[in-house]
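K.L.:
Dropping in data-v3.tsv, which is TSV, N, CA and C atoms:
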```tsv
chain	number	residue	atom	x	y	z
T	88	MET	N	179.03	74.60	-7.48
T	88	MET	CA	178.58	75.31	-6.30
T	88	MET	C	177.07	75.50	-6.33
T	89	LEU	N	176.53	75.87	-7.49
T	89	LEU	CA	175.09	76.06	-7.62
T	89	LEU	C	174.35	74.75	-7.35
T	90	ARG	N	174.90	73.65	-7.80
T	90	ARG	CA	174.28	72.34	-7.58
T	90	ARG	C	174.26	72.01	-6.09
T	91	LEU	N	175.32	72.31	-5.37
T	91	LEU	CA	175.38	72.07	-3.93
T	91	LEU	C	174.33	72.90	-3.20
T	92	LEU	N	174.18	74.16	-3.59
T	92	LEU	CA	173.17	75.02	-2.96
T	92	LEU	C	171.76	74.50	-3.23
T	93	SER	N	171.53	73.99	-4.43
T	93	SER	CA	170.21	73.43	-4.75
T	93	SER	C	169.91	72.22	-3.89
T	94	VAL	N	170.90	71.35	-3.72
T	94	VAL	CA	170.72	70.15	-2.89
T	94	VAL	C	170.45	70.55	-1.45
T	95	LEU	N	171.19	71.53	-0.93
T	95	LEU	CA	170.97	71.99	0.44
T	95	LEU	C	169.60	72.60	0.62
T	96	ALA	N	169.15	73.36	-0.35
T	96	ALA	CA	167.82	73.98	-0.25
T	96	ALA	C	166.72	72.93	-0.25
T	97	LEU	N	166.83	71.92	-1.11
T	97	LEU	CA	165.85	70.85	-1.15
T	97	LEU	C	165.86	70.05	0.14
T	98	THR	N	167.03	69.80	0.70
T	98	THR	CA	167.14	69.07	1.96
T	98	THR	C	166.49	69.86	3.08
T	99	ALA	N	166.72	71.15	3.13
T	99	ALA	CA	166.12	71.99	4.18
T	99	ALA	C	164.60	71.97	4.09
T	100	CYS	N	164.06	72.03	2.89
T	100	CYS	CA	162.60	71.98	2.72
T	100	CYS	C	162.05	70.65	3.18
T	101	ALA	N	162.75	69.56	2.89
T	101	ALA	CA	162.28	68.25	3.30
T	101	ALA	C	162.27	68.11	4.81
T	102	VAL	N	163.27	68.68	5.48
T	102	VAL	CA	163.35	68.60	6.94
T	102	VAL	C	162.20	69.37	7.57
T	103	VAL	N	161.92	70.56	7.11
T	103	VAL	CA	160.86	71.38	7.67
T	103	VAL	C	159.50	70.82	7.28
T	104	GLY	N	159.41	70.13	6.16
T	104	GLY	CA	158.16	69.55	5.73
T	104	GLY	C	157.39	70.41	4.76
T	105	THR	N	158.01	71.46	4.26
T	105	THR	CA	157.30	72.34	3.34
T	105	THR	C	157.49	71.94	1.89
T	106	SER	N	158.21	70.87	1.62
T	106	SER	CA	158.44	70.48	0.24
T	106	SER	C	157.19	69.84	-0.37
T	107	SER	N	156.26	69.39	0.45
T	107	SER	CA	155.05	68.77	-0.04
T	107	SER	C	153.91	69.78	-0.10
T	108	PRO	N	153.16	69.77	-1.18
T	108	PRO	CA	152.02	70.69	-1.25
T	108	PRO	C	150.92	70.31	-0.27
T	109	ASN	N	150.98	69.11	0.30
T	109	ASN	CA	149.99	68.65	1.27
T	109	ASN	C	150.40	68.93	2.71
T	110	THR	N	151.40	69.78	2.92
T	110	THR	CA	151.89	70.10	4.26
T	110	THR	C	151.79	71.59	4.52
T	111	LYS	N	151.26	71.94	5.69
T	111	LYS	CA	151.16	73.33	6.10
T	111	LYS	C	151.95	73.52	7.38
T	112	VAL	N	152.60	74.64	7.50
T	112	VAL	CA	153.35	74.99	8.71
T	112	VAL	C	152.54	76.06	9.43
T	113	VAL	N	152.17	75.79	10.69
T	113	VAL	CA	151.30	76.70	11.44
T	113	VAL	C	151.83	76.88	12.86
T	114	LYS	N	151.28	77.87	13.55
T	114	LYS	CA	151.61	78.13	14.95
T	114	LYS	C	150.44	77.71	15.83
T	115	SER	N	150.74	77.29	17.05
T	115	SER	CA	149.66	76.91	17.97
T	115	SER	C	148.77	78.11	18.24
T	116	GLY	N	147.49	77.83	18.43
T	116	GLY	CA	146.51	78.87	18.68
T	116	GLY	C	145.89	79.45	17.43
T	117	GLU	N	146.48	79.19	16.27
T	117	GLU	CA	145.94	79.69	15.00
T	117	GLU	C	145.01	78.64	14.38
T	118	ASP	N	143.90	79.09	13.82
T	118	ASP	CA	143.03	78.18	13.07
T	118	ASP	C	143.66	77.92	11.71
T	119	PHE	N	143.55	76.69	11.24
T	119	PHE	CA	144.07	76.32	9.92
T	119	PHE	C	143.17	75.24	9.33
T	120	GLU	N	143.21	75.13	8.03
T	120	GLU	CA	142.33	74.22	7.31
T	120	GLU	C	143.12	73.07	6.70
T	121	LEU	N	142.55	71.87	6.82
T	121	LEU	CA	143.13	70.69	6.17
T	121	LEU	C	142.05	69.95	5.41
T	122	SER	N	142.44	69.34	4.33
T	122	SER	CA	141.61	68.39	3.59
T	122	SER	C	142.17	67.00	3.88
T	123	PRO	N	141.39	65.95	3.61
T	123	PRO	CA	141.94	64.60	3.82
T	123	PRO	C	143.27	64.41	3.11
T	124	THR	N	144.19	63.78	3.79
T	124	THR	CA	145.58	63.47	3.41
T	124	THR	C	146.52	64.64	3.61
T	125	GLU	N	146.05	65.81	4.02
T	125	GLU	CA	146.95	66.93	4.27
T	125	GLU	C	147.47	66.88	5.70
T	126	THR	N	148.65	67.49	5.89
T	126	THR	CA	149.34	67.48	7.18
T	126	THR	C	149.67	68.90	7.61
T	127	ALA	N	149.59	69.13	8.91
T	127	ALA	CA	150.03	70.40	9.48
T	127	ALA	C	151.17	70.13	10.45
T	128	ILE	N	152.19	70.95	10.36
T	128	ILE	CA	153.31	70.91	11.30
T	128	ILE	C	153.14	72.12	12.20
T	129	VAL	N	152.93	71.87	13.50
T	129	VAL	CA	152.62	72.92	14.45
T	129	VAL	C	153.83	73.22	15.31
T	130	ASP	N	154.10	74.51	15.50
T	130	ASP	CA	155.22	74.97	16.35
T	130	ASP	C	156.52	74.25	16.02
T	131	GLN	N	156.89	74.33	14.76
T	131	GLN	CA	158.16	73.79	14.26
T	131	GLN	C	158.33	72.30	14.55
T	132	GLY	N	157.24	71.56	14.50
T	132	GLY	CA	157.31	70.11	14.65
T	132	GLY	C	156.97	69.60	16.03
T	133	ALA	N	156.58	70.48	16.95
T	133	ALA	CA	156.18	70.01	18.28
T	133	ALA	C	155.00	69.04	18.15
T	134	VAL	N	154.11	69.32	17.20
T	134	VAL	CA	152.97	68.45	16.90
T	134	VAL	C	152.84	68.35	15.39
T	135	THR	N	152.58	67.14	14.93
T	135	THR	CA	152.28	66.91	13.52
T	135	THR	C	150.90	66.30	13.45
T	136	LEU	N	150.04	66.89	12.64
T	136	LEU	CA	148.65	66.44	12.53
T	136	LEU	C	148.32	66.16	11.08
T	137	THR	N	147.88	64.94	10.80
T	137	THR	CA	147.43	64.57	9.46
T	137	THR	C	145.96	64.20	9.54
T	138	LEU	N	145.15	64.82	8.68
T	138	LEU	CA	143.76	64.42	8.55
T	138	LEU	C	143.73	63.25	7.57
T	139	VAL	N	143.49	62.07	8.09
T	139	VAL	CA	143.48	60.87	7.25
T	139	VAL	C	142.22	60.85	6.40
T	140	LYS	N	141.06	60.96	7.06
T	140	LYS	CA	139.80	60.98	6.33
T	140	LYS	C	138.66	61.35	7.26
T	141	VAL	N	137.52	61.64	6.67
T	141	VAL	CA	136.29	61.84	7.42
T	141	VAL	C	135.66	60.45	7.52
T	142	ASN	N	135.63	59.92	8.76
T	142	ASN	CA	135.08	58.57	8.97
T	142	ASN	C	133.57	58.53	8.84
T	143	GLU	N	132.92	59.57	9.34
T	143	GLU	CA	131.46	59.59	9.35
T	143	GLU	C	130.98	61.03	9.34
T	144	ASP	N	129.92	61.29	8.61
T	144	ASP	CA	129.32	62.62	8.57
T	144	ASP	C	127.81	62.46	8.67
T	145	SER	N	127.27	62.71	9.86
T	145	SER	CA	125.83	62.58	10.07
T	145	SER	C	125.17	63.93	10.31
T	146	ARG	N	125.83	65.01	9.83
T	146	ARG	CA	125.27	66.35	10.02
T	146	ARG	C	123.94	66.50	9.30
T	147	CYS	N	123.11	67.34	9.84
T	147	CYS	CA	121.81	67.62	9.24
T	147	CYS	C	122.02	68.39	7.93
T	148	PRO	N	121.48	67.89	6.83
T	148	PRO	CA	121.60	68.62	5.56
T	148	PRO	C	120.97	70.01	5.66
T	149	ILE	N	121.53	70.97	4.95
T	149	ILE	CA	121.05	72.34	5.05
T	149	ILE	C	119.66	72.53	4.43
T	150	ASP	N	119.22	71.57	3.64
T	150	ASP	CA	117.90	71.68	3.02
T	150	ASP	C	116.85	70.80	3.71
T	151	VAL	N	117.13	70.43	4.97
T	151	VAL	CA	116.24	69.58	5.76
T	151	VAL	C	116.14	70.16	7.16
T	152	GLN	N	115.01	69.97	7.81
T	152	GLN	CA	114.87	70.40	9.21
T	152	GLN	C	115.07	69.17	10.09
T	153	CYS	N	116.04	69.24	11.01
T	153	CYS	CA	116.40	68.10	11.83
T	153	CYS	C	116.21	68.42	13.32
T	154	VAL	N	116.09	67.36	14.11
T	154	VAL	CA	116.00	67.49	15.56
T	154	VAL	C	117.41	67.61	16.15
T	155	TRP	N	118.38	66.98	15.53
T	155	TRP	CA	119.75	66.95	16.03
T	155	TRP	C	120.70	67.44	14.93
T	156	ALA	N	121.71	68.20	15.31
T	156	ALA	CA	122.65	68.77	14.34
T	156	ALA	C	123.51	67.73	13.65
T	157	GLY	N	123.74	66.59	14.30
T	157	GLY	CA	124.58	65.54	13.74
T	157	GLY	C	126.02	65.67	14.19
T	158	ASP	N	126.87	64.83	13.64
T	158	ASP	CA	128.26	64.74	14.08
T	158	ASP	C	129.15	64.38	12.91
T	159	VAL	N	130.40	64.79	13.01
T	159	VAL	CA	131.43	64.38	12.06
T	159	VAL	C	132.55	63.72	12.85
T	160	ALA	N	132.95	62.52	12.43
T	160	ALA	CA	134.06	61.80	13.05
T	160	ALA	C	135.27	61.89	12.13
T	161	LEU	N	136.39	62.34	12.67
T	161	LEU	CA	137.59	62.58	11.89
T	161	LEU	C	138.71	61.63	12.30
T	162	ALA	N	139.28	60.93	11.33
T	162	ALA	CA	140.42	60.05	11.57
T	162	ALA	C	141.70	60.85	11.39
T	163	LEU	N	142.54	60.86	12.43
T	163	LEU	CA	143.77	61.65	12.43
T	163	LEU	C	144.98	60.76	12.70
T	164	LEU	N	146.14	61.25	12.30
T	164	LEU	CA	147.43	60.74	12.77
T	164	LEU	C	148.08	61.90	13.49
T	165	VAL	N	148.44	61.68	14.75
T	165	VAL	CA	149.01	62.75	15.57
T	165	VAL	C	150.38	62.31	16.06
T	166	GLY	N	151.37	63.15	15.81
T	166	GLY	CA	152.73	62.87	16.26
T	166	GLY	C	153.28	64.05	17.03
T	167	THR	N	154.30	63.79	17.84
T	167	THR	CA	154.99	64.84	18.59
T	167	THR	C	156.48	64.60	18.50
T	168	ASN	N	157.24	65.55	19.01
T	168	ASN	CA	158.69	65.38	19.03
T	168	ASN	C	159.10	64.14	19.82
T	169	SER	N	158.29	63.78	20.84
T	169	SER	CA	158.67	62.67	21.71
T	169	SER	C	157.97	61.35	21.38
T	170	ASN	N	156.97	61.37	20.49
T	170	ASN	CA	156.22	60.15	20.18
T	170	ASN	C	156.05	59.97	18.68
T	171	ALA	N	155.93	58.71	18.29
T	171	ALA	CA	155.63	58.41	16.89
T	171	ALA	C	154.21	58.84	16.59
T	172	ARG	N	153.86	58.86	15.32
T	172	ARG	CA	152.51	59.26	14.92
T	172	ARG	C	151.52	58.15	15.28
T	173	ASN	N	150.47	58.52	16.02
T	173	ASN	CA	149.47	57.58	16.49
T	173	ASN	C	148.11	57.93	15.92
T	174	PRO	N	147.30	56.90	15.62
T	174	PRO	CA	145.95	57.18	15.15
T	174	PRO	C	145.07	57.73	16.27
T	175	SER	N	144.16	58.59	15.89
T	175	SER	CA	143.22	59.18	16.84
T	175	SER	C	141.95	59.54	16.09
T	176	THR	N	140.84	59.57	16.81
T	176	THR	CA	139.57	60.00	16.23
T	176	THR	C	138.98	61.07	17.13
T	177	ILE	N	138.55	62.18	16.52
T	177	ILE	CA	137.82	63.20	17.26
T	177	ILE	C	136.51	63.47	16.54
T	178	HIS	N	135.57	64.04	17.29
T	178	HIS	CA	134.23	64.32	16.77
T	178	HIS	C	133.92	65.81	16.90
T	179	THR	N	132.88	66.23	16.19
T	179	THR	CA	132.44	67.61	16.30
T	179	THR	C	131.37	67.80	17.36
T	180	ASN	N	130.51	66.78	17.58
T	180	ASN	CA	129.42	66.91	18.55
T	180	ASN	C	129.31	65.76	19.54
T	181	LEU	N	130.16	64.78	19.46
T	181	LEU	CA	130.19	63.66	20.39
T	181	LEU	C	131.58	63.61	21.03
T	182	ASP	N	131.71	62.85	22.10
T	182	ASP	CA	133.03	62.68	22.73
T	182	ASP	C	133.77	61.54	22.06
T	183	PRO	N	135.07	61.63	21.94
T	183	PRO	CA	135.94	62.75	22.33
T	183	PRO	C	135.94	63.85	21.27
T	184	ARG	N	135.83	65.07	21.74
T	184	ARG	CA	135.85	66.23	20.84
T	184	ARG	C	137.26	66.78	20.64
T	185	THR	N	138.16	66.35	21.50
T	185	THR	CA	139.56	66.79	21.40
T	185	THR	C	140.46	65.59	21.64
T	186	THR	N	141.71	65.77	21.28
T	186	THR	CA	142.75	64.83	21.66
T	186	THR	C	143.93	65.65	22.16
T	187	ILE	N	144.71	65.08	23.06
T	187	ILE	CA	145.85	65.78	23.67
T	187	ILE	C	147.14	65.08	23.24
T	188	ALA	N	148.14	65.88	22.87
T	188	ALA	CA	149.44	65.35	22.49
T	188	ALA	C	150.53	66.24	23.07
T	189	ASP	N	151.28	65.73	24.03
T	189	ASP	CA	152.39	66.47	24.66
T	189	ASP	C	152.00	67.89	25.08
T	190	GLY	N	150.83	68.03	25.71
T	190	GLY	CA	150.43	69.34	26.20
T	190	GLY	C	149.75	70.22	25.16
T	191	TYR	N	149.45	69.69	23.98
T	191	TYR	CA	148.73	70.42	22.95
T	191	TYR	C	147.34	69.80	22.79
T	192	LYS	N	146.32	70.65	22.78
T	192	LYS	CA	144.94	70.20	22.57
T	192	LYS	C	144.59	70.39	21.10
T	193	ILE	N	144.08	69.34	20.47
T	193	ILE	CA	143.70	69.36	19.06
T	193	ILE	C	142.19	69.26	18.97
T	194	GLU	N	141.56	70.22	18.27
T	194	GLU	CA	140.11	70.20	18.11
T	194	GLU	C	139.72	70.64	16.71
T	195	ALA	N	138.57	70.14	16.26
T	195	ALA	CA	137.99	70.58	14.99
T	195	ALA	C	137.07	71.75	15.26
T	196	VAL	N	137.26	72.85	14.56
T	196	VAL	CA	136.48	74.07	14.76
T	196	VAL	C	135.27	74.09	13.83
T	197	SER	N	135.46	73.67	12.58
T	197	SER	CA	134.35	73.66	11.63
T	197	SER	C	134.62	72.65	10.51
T	198	VAL	N	133.54	72.27	9.84
T	198	VAL	CA	133.60	71.32	8.73
T	198	VAL	C	132.85	71.91	7.55
T	199	GLN	N	133.49	71.92	6.41
T	199	GLN	CA	132.88	72.39	5.16
T	199	GLN	C	133.08	71.32	4.10
T	200	PRO	N	132.23	71.19	3.13
T	200	PRO	CA	131.01	71.95	2.90
T	200	PRO	C	129.87	71.41	3.74
T	201	ALA	N	128.78	72.17	3.78
T	201	ALA	CA	127.57	71.71	4.46
T	201	ALA	C	126.91	70.62	3.62
T	202	PRO	N	126.37	69.60	4.27
T	202	PRO	CA	125.73	68.53	3.50
T	202	PRO	C	124.39	68.96	2.91
T	203	ARG	N	124.02	68.29	1.83
T	203	ARG	CA	122.70	68.47	1.19
T	203	ARG	C	122.03	67.09	1.15
T	204	SER	N	120.73	67.08	1.20
T	204	SER	CA	120.00	65.82	1.32
T	204	SER	C	120.16	64.89	0.11
T	205	GLN	N	120.33	65.40	-1.06
T	205	GLN	CA	120.36	64.57	-2.26
T	205	GLN	C	121.76	64.30	-2.79
T	206	SER	N	122.79	64.57	-1.99
T	206	SER	CA	124.15	64.33	-2.49
T	206	SER	C	125.08	63.87	-1.37
T	207	THR	N	126.13	63.21	-1.78
T	207	THR	CA	127.16	62.75	-0.87
T	207	THR	C	128.41	63.60	-1.09
T	208	ILE	N	129.07	63.95	0.00
T	208	ILE	CA	130.28	64.77	-0.10
T	208	ILE	C	131.47	63.85	-0.35
T	209	PRO	N	132.21	64.04	-1.44
T	209	PRO	CA	133.42	63.25	-1.66
T	209	PRO	C	134.50	63.63	-0.64
T	210	GLN	N	135.33	62.68	-0.25
T	210	GLN	CA	136.41	62.95	0.71
T	210	GLN	C	137.24	64.15	0.28
T	211	SER	N	137.55	64.25	-0.98
T	211	SER	CA	138.42	65.33	-1.47
T	211	SER	C	137.80	66.72	-1.33
T	212	SER	N	136.50	66.79	-1.11
T	212	SER	CA	135.83	68.09	-1.00
T	212	SER	C	135.79	68.62	0.43
T	213	TYR	N	136.07	67.78	1.41
T	213	TYR	CA	136.02	68.23	2.80
T	213	TYR	C	137.13	69.23	3.10
T	214	ARG	N	136.80	70.24	3.89
T	214	ARG	CA	137.75	71.22	4.42
T	214	ARG	C	137.46	71.35	5.91
T	215	ILE	N	138.39	70.90	6.73
T	215	ILE	CA	138.20	70.92	8.18
T	215	ILE	C	139.10	72.01	8.77
T	216	THR	N	138.51	72.88	9.56
T	216	THR	CA	139.29	73.90	10.26
T	216	THR	C	139.64	73.34	11.64
T	217	PHE	N	140.93	73.32	11.93
T	217	PHE	CA	141.44	72.82	13.21
T	217	PHE	C	142.04	73.96	14.01
T	218	ARG	N	142.14	73.71	15.30
T	218	ARG	CA	142.92	74.58	16.20
T	218	ARG	C	143.73	73.67	17.11
T	219	VAL	N	145.03	73.92	17.15
T	219	VAL	CA	145.93	73.20	18.05
T	219	VAL	C	146.47	74.24	19.01
T	220	SER	N	146.18	74.06	20.29
T	220	SER	CA	146.59	75.06	21.27
T	220	SER	C	147.31	74.41	22.44
T	221	ARG	N	148.22	75.17	23.03
T	221	ARG	CA	148.93	74.68	24.21
T	221	ARG	C	148.01	74.69	25.40
T	222	GLN	N	148.13	73.69	26.24
T	222	GLN	CA	147.29	73.60	27.44
T	222	GLN	C	147.96	74.29	28.60
```
Write the structure described by the file as C-alpha cells, please.
P.N.:
Amino acid sequence: MLRLLSVLALTACAVVGTSSPNTKVVKSGEDFELSPTETAIVDQGAVTLTLVKVNEDSRCPIDVQCVWAGDVALALLVGTNSNARNPSTIHTNLDPRTTIADGYKIEAVSVQPAPRSQSTIPQSSYRITFRVSRQ
C-alpha cells in the first residue's frame, strides 16, 4: 500500500510539473524569476513558459556612461492548453517587447545581473523577472 501511494504521489508531481527543480508554479499577474532552462507553469498549465537562453545582451555596463540603455533579447518556448510549445523572442527595449499566448501577455520586467565593462555574464548567472497577465 505504501508503495502504491508513493507511485501516485510521484505521478501527481509529474503531471503538475513540480517534480523538476527547474519548474515553478505561478499565478497570472505575479512577477516571477527564471534562469535559462527554467520553466514556469502559469494558472495551472494555461501557459507554460521556458526561458531557453539570453540571445543577446547589449545593455550599458554599470561602470560606463552610455547614450543608449541597450537591450536584452530572450529566447522562449511558450505553450498553452490549446497549442504546442512554440519558440518566441521578446526584448526589453526593442520590439517585440511582449508575446501573446491564448489571451495571456508575457513580458520581461527586469534582467539581472547588471553588466560590467570588463566581464561577460554566463548564461547560468542570468535571472529574468517575468510577468504573465491575462489580457
K.L.:
Using the chain letters and numbers from this document, which residues of chain T does DSSP assign to strand (DSSP E), as a VMD selection string?
P.N.:
chain T and resid 110 to 113 118 to 121 126 to 129 134 to 144 159 to 167 173 to 178 185 to 188 191 to 199 214 to 221
K.L.:
Considering all atoms listed in the file, can you say which of T:Pro108, T:His178, T:Ala188, T:Gly116 comes closest to T:Ala133?
P.N.:
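That would be T:Ala188, the residue with the smallest distance to T:Ala133.
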K.L.:
So which one's closest to T:Lys140, T:Ile187, T:Ala171, T:Ile215, T:Ala201? Using only C-alpha atoms, please.
P.N.:
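Smallest distance to T:Lys140 is found for T:Ile215.
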K.L.:
Have a look at atom C of T:Ser197 and atom CA of T:Glu120 and let me know their distance in Å, one decimal.
P.N.:
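Rounded to one decimal, the two atoms are 8.5 Å apart.
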K.L.:
Which of chain T end up as alpha helix (DSSP H) when DSSP is run on this backbone - answer as number ranges by chain?
P.N.:
T: 89-103
K.L.:
Interatomic distance between atom CA of T:Ser175 and atom CA of T:Arg214?
P.N.:
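If I compute the distance from atom CA of T:Ser175 to atom CA of T:Arg214, I get 18.1 Å.
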K.L.:
Neighbourhood query: residues within 7 Å of (138.4, 59.6, 7.5), file coordinates, counting only C-alpha atoms; return as a list in words.
P.N.:
Val139, Lys140, Val141, Asn142, Leu161 and Ala162 of chain T
K.L.:
Using only C-alpha atoms, what residues lie at most 12 Å away from (157.7, 62.4, 19.4) (file coordinates), given as a list in words?
P.N.:
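These residues have at least one counted atom within 12 Å: Gly132, Ala133, Val134, Thr135, Val165, Gly166, Thr167, Asn168, Ser169, Asn170, Ala171, Arg172, Asn173, Ala188 and Asp189 of chain T.
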K.L.:
Output stretch 156-179 of chain T with N, CA, C and O atoms present, as a compact mmCIF listing (two decimals), in the coordinates of the input.
P.N.:
```txt
# COMPACT_ATOMS: atom_id res chain seq x y z
N ALA T 156 121.71 68.20 15.31
CA ALA T 156 122.65 68.77 14.34
C ALA T 156 123.51 67.73 13.65
O ALA T 156 123.99 67.93 12.54
N GLY T 157 123.74 66.59 14.30
CA GLY T 157 124.58 65.54 13.74
C GLY T 157 126.02 65.67 14.19
O GLY T 157 126.36 66.51 15.04
N ASP T 158 126.87 64.83 13.64
CA ASP T 158 128.26 64.74 14.08
C ASP T 158 129.15 64.38 12.91
O ASP T 158 128.72 63.75 11.95
N VAL T 159 130.40 64.79 13.01
CA VAL T 159 131.43 64.38 12.06
C VAL T 159 132.55 63.72 12.85
O VAL T 159 133.02 64.27 13.85
N ALA T 160 132.95 62.52 12.43
CA ALA T 160 134.06 61.80 13.05
C ALA T 160 135.27 61.89 12.13
O ALA T 160 135.17 61.57 10.94
N LEU T 161 136.39 62.34 12.67
CA LEU T 161 137.59 62.58 11.89
C LEU T 161 138.71 61.63 12.30
O LEU T 161 139.05 61.54 13.48
N ALA T 162 139.28 60.93 11.33
CA ALA T 162 140.42 60.05 11.57
C ALA T 162 141.70 60.85 11.39
O ALA T 162 141.92 61.47 10.34
N LEU T 163 142.54 60.86 12.43
CA LEU T 163 143.77 61.65 12.43
C LEU T 163 144.98 60.76 12.70
O LEU T 163 144.86 59.70 13.30
N LEU T 164 146.14 61.25 12.30
CA LEU T 164 147.43 60.74 12.77
C LEU T 164 148.08 61.90 13.49
O LEU T 164 148.23 62.98 12.91
N VAL T 165 148.44 61.68 14.75
CA VAL T 165 149.01 62.75 15.57
C VAL T 165 150.38 62.31 16.06
O VAL T 165 150.53 61.24 16.64
N GLY T 166 151.37 63.15 15.81
CA GLY T 166 152.73 62.87 16.26
C GLY T 166 153.28 64.05 17.03
O GLY T 166 152.80 65.18 16.91
N THR T 167 154.30 63.79 17.84
CA THR T 167 154.99 64.84 18.59
C THR T 167 156.48 64.60 18.50
O THR T 167 156.92 63.56 18.01
N ASN T 168 157.24 65.55 19.01
CA ASN T 168 158.69 65.38 19.03
C ASN T 168 159.10 64.14 19.82
O ASN T 168 160.10 63.52 19.53
N SER T 169 158.29 63.78 20.84
CA SER T 169 158.67 62.67 21.71
C SER T 169 157.97 61.35 21.38
O SER T 169 158.32 60.32 21.94
N ASN T 170 156.97 61.37 20.49
CA ASN T 170 156.22 60.15 20.18
C ASN T 170 156.05 59.97 18.68
O ASN T 170 155.97 60.95 17.94
N ALA T 171 155.93 58.71 18.29
CA ALA T 171 155.63 58.41 16.89
C ALA T 171 154.21 58.84 16.59
O ALA T 171 153.43 59.14 17.49
N ARG T 172 153.86 58.86 15.32
CA ARG T 172 152.51 59.26 14.92
C ARG T 172 151.52 58.15 15.28
O ARG T 172 151.69 57.00 14.89
N ASN T 173 150.47 58.52 16.02
CA ASN T 173 149.47 57.58 16.49
C ASN T 173 148.11 57.93 15.92
O ASN T 173 147.77 59.11 15.81
N PRO T 174 147.30 56.90 15.62
CA PRO T 174 145.95 57.18 15.15
C PRO T 174 145.07 57.73 16.27
O PRO T 174 145.23 57.36 17.43
N SER T 175 144.16 58.59 15.89
CA SER T 175 143.22 59.18 16.84
C SER T 175 141.95 59.54 16.09
O SER T 175 141.98 59.77 14.89
N THR T 176 140.84 59.57 16.81
CA THR T 176 139.57 60.00 16.23
C THR T 176 138.98 61.07 17.13
O THR T 176 138.93 60.90 18.35
N ILE T 177 138.55 62.18 16.52
CA ILE T 177 137.82 63.20 17.26
C ILE T 177 136.51 63.47 16.54
O ILE T 177 136.36 63.16 15.36
N HIS T 178 135.57 64.04 17.29
CA HIS T 178 134.23 64.32 16.77
C HIS T 178 133.92 65.81 16.90
O HIS T 178 134.56 66.52 17.67
N THR T 179 132.88 66.23 16.19
CA THR T 179 132.44 67.61 16.30
C THR T 179 131.37 67.80 17.36
O THR T 179 131.30 68.85 17.99
```
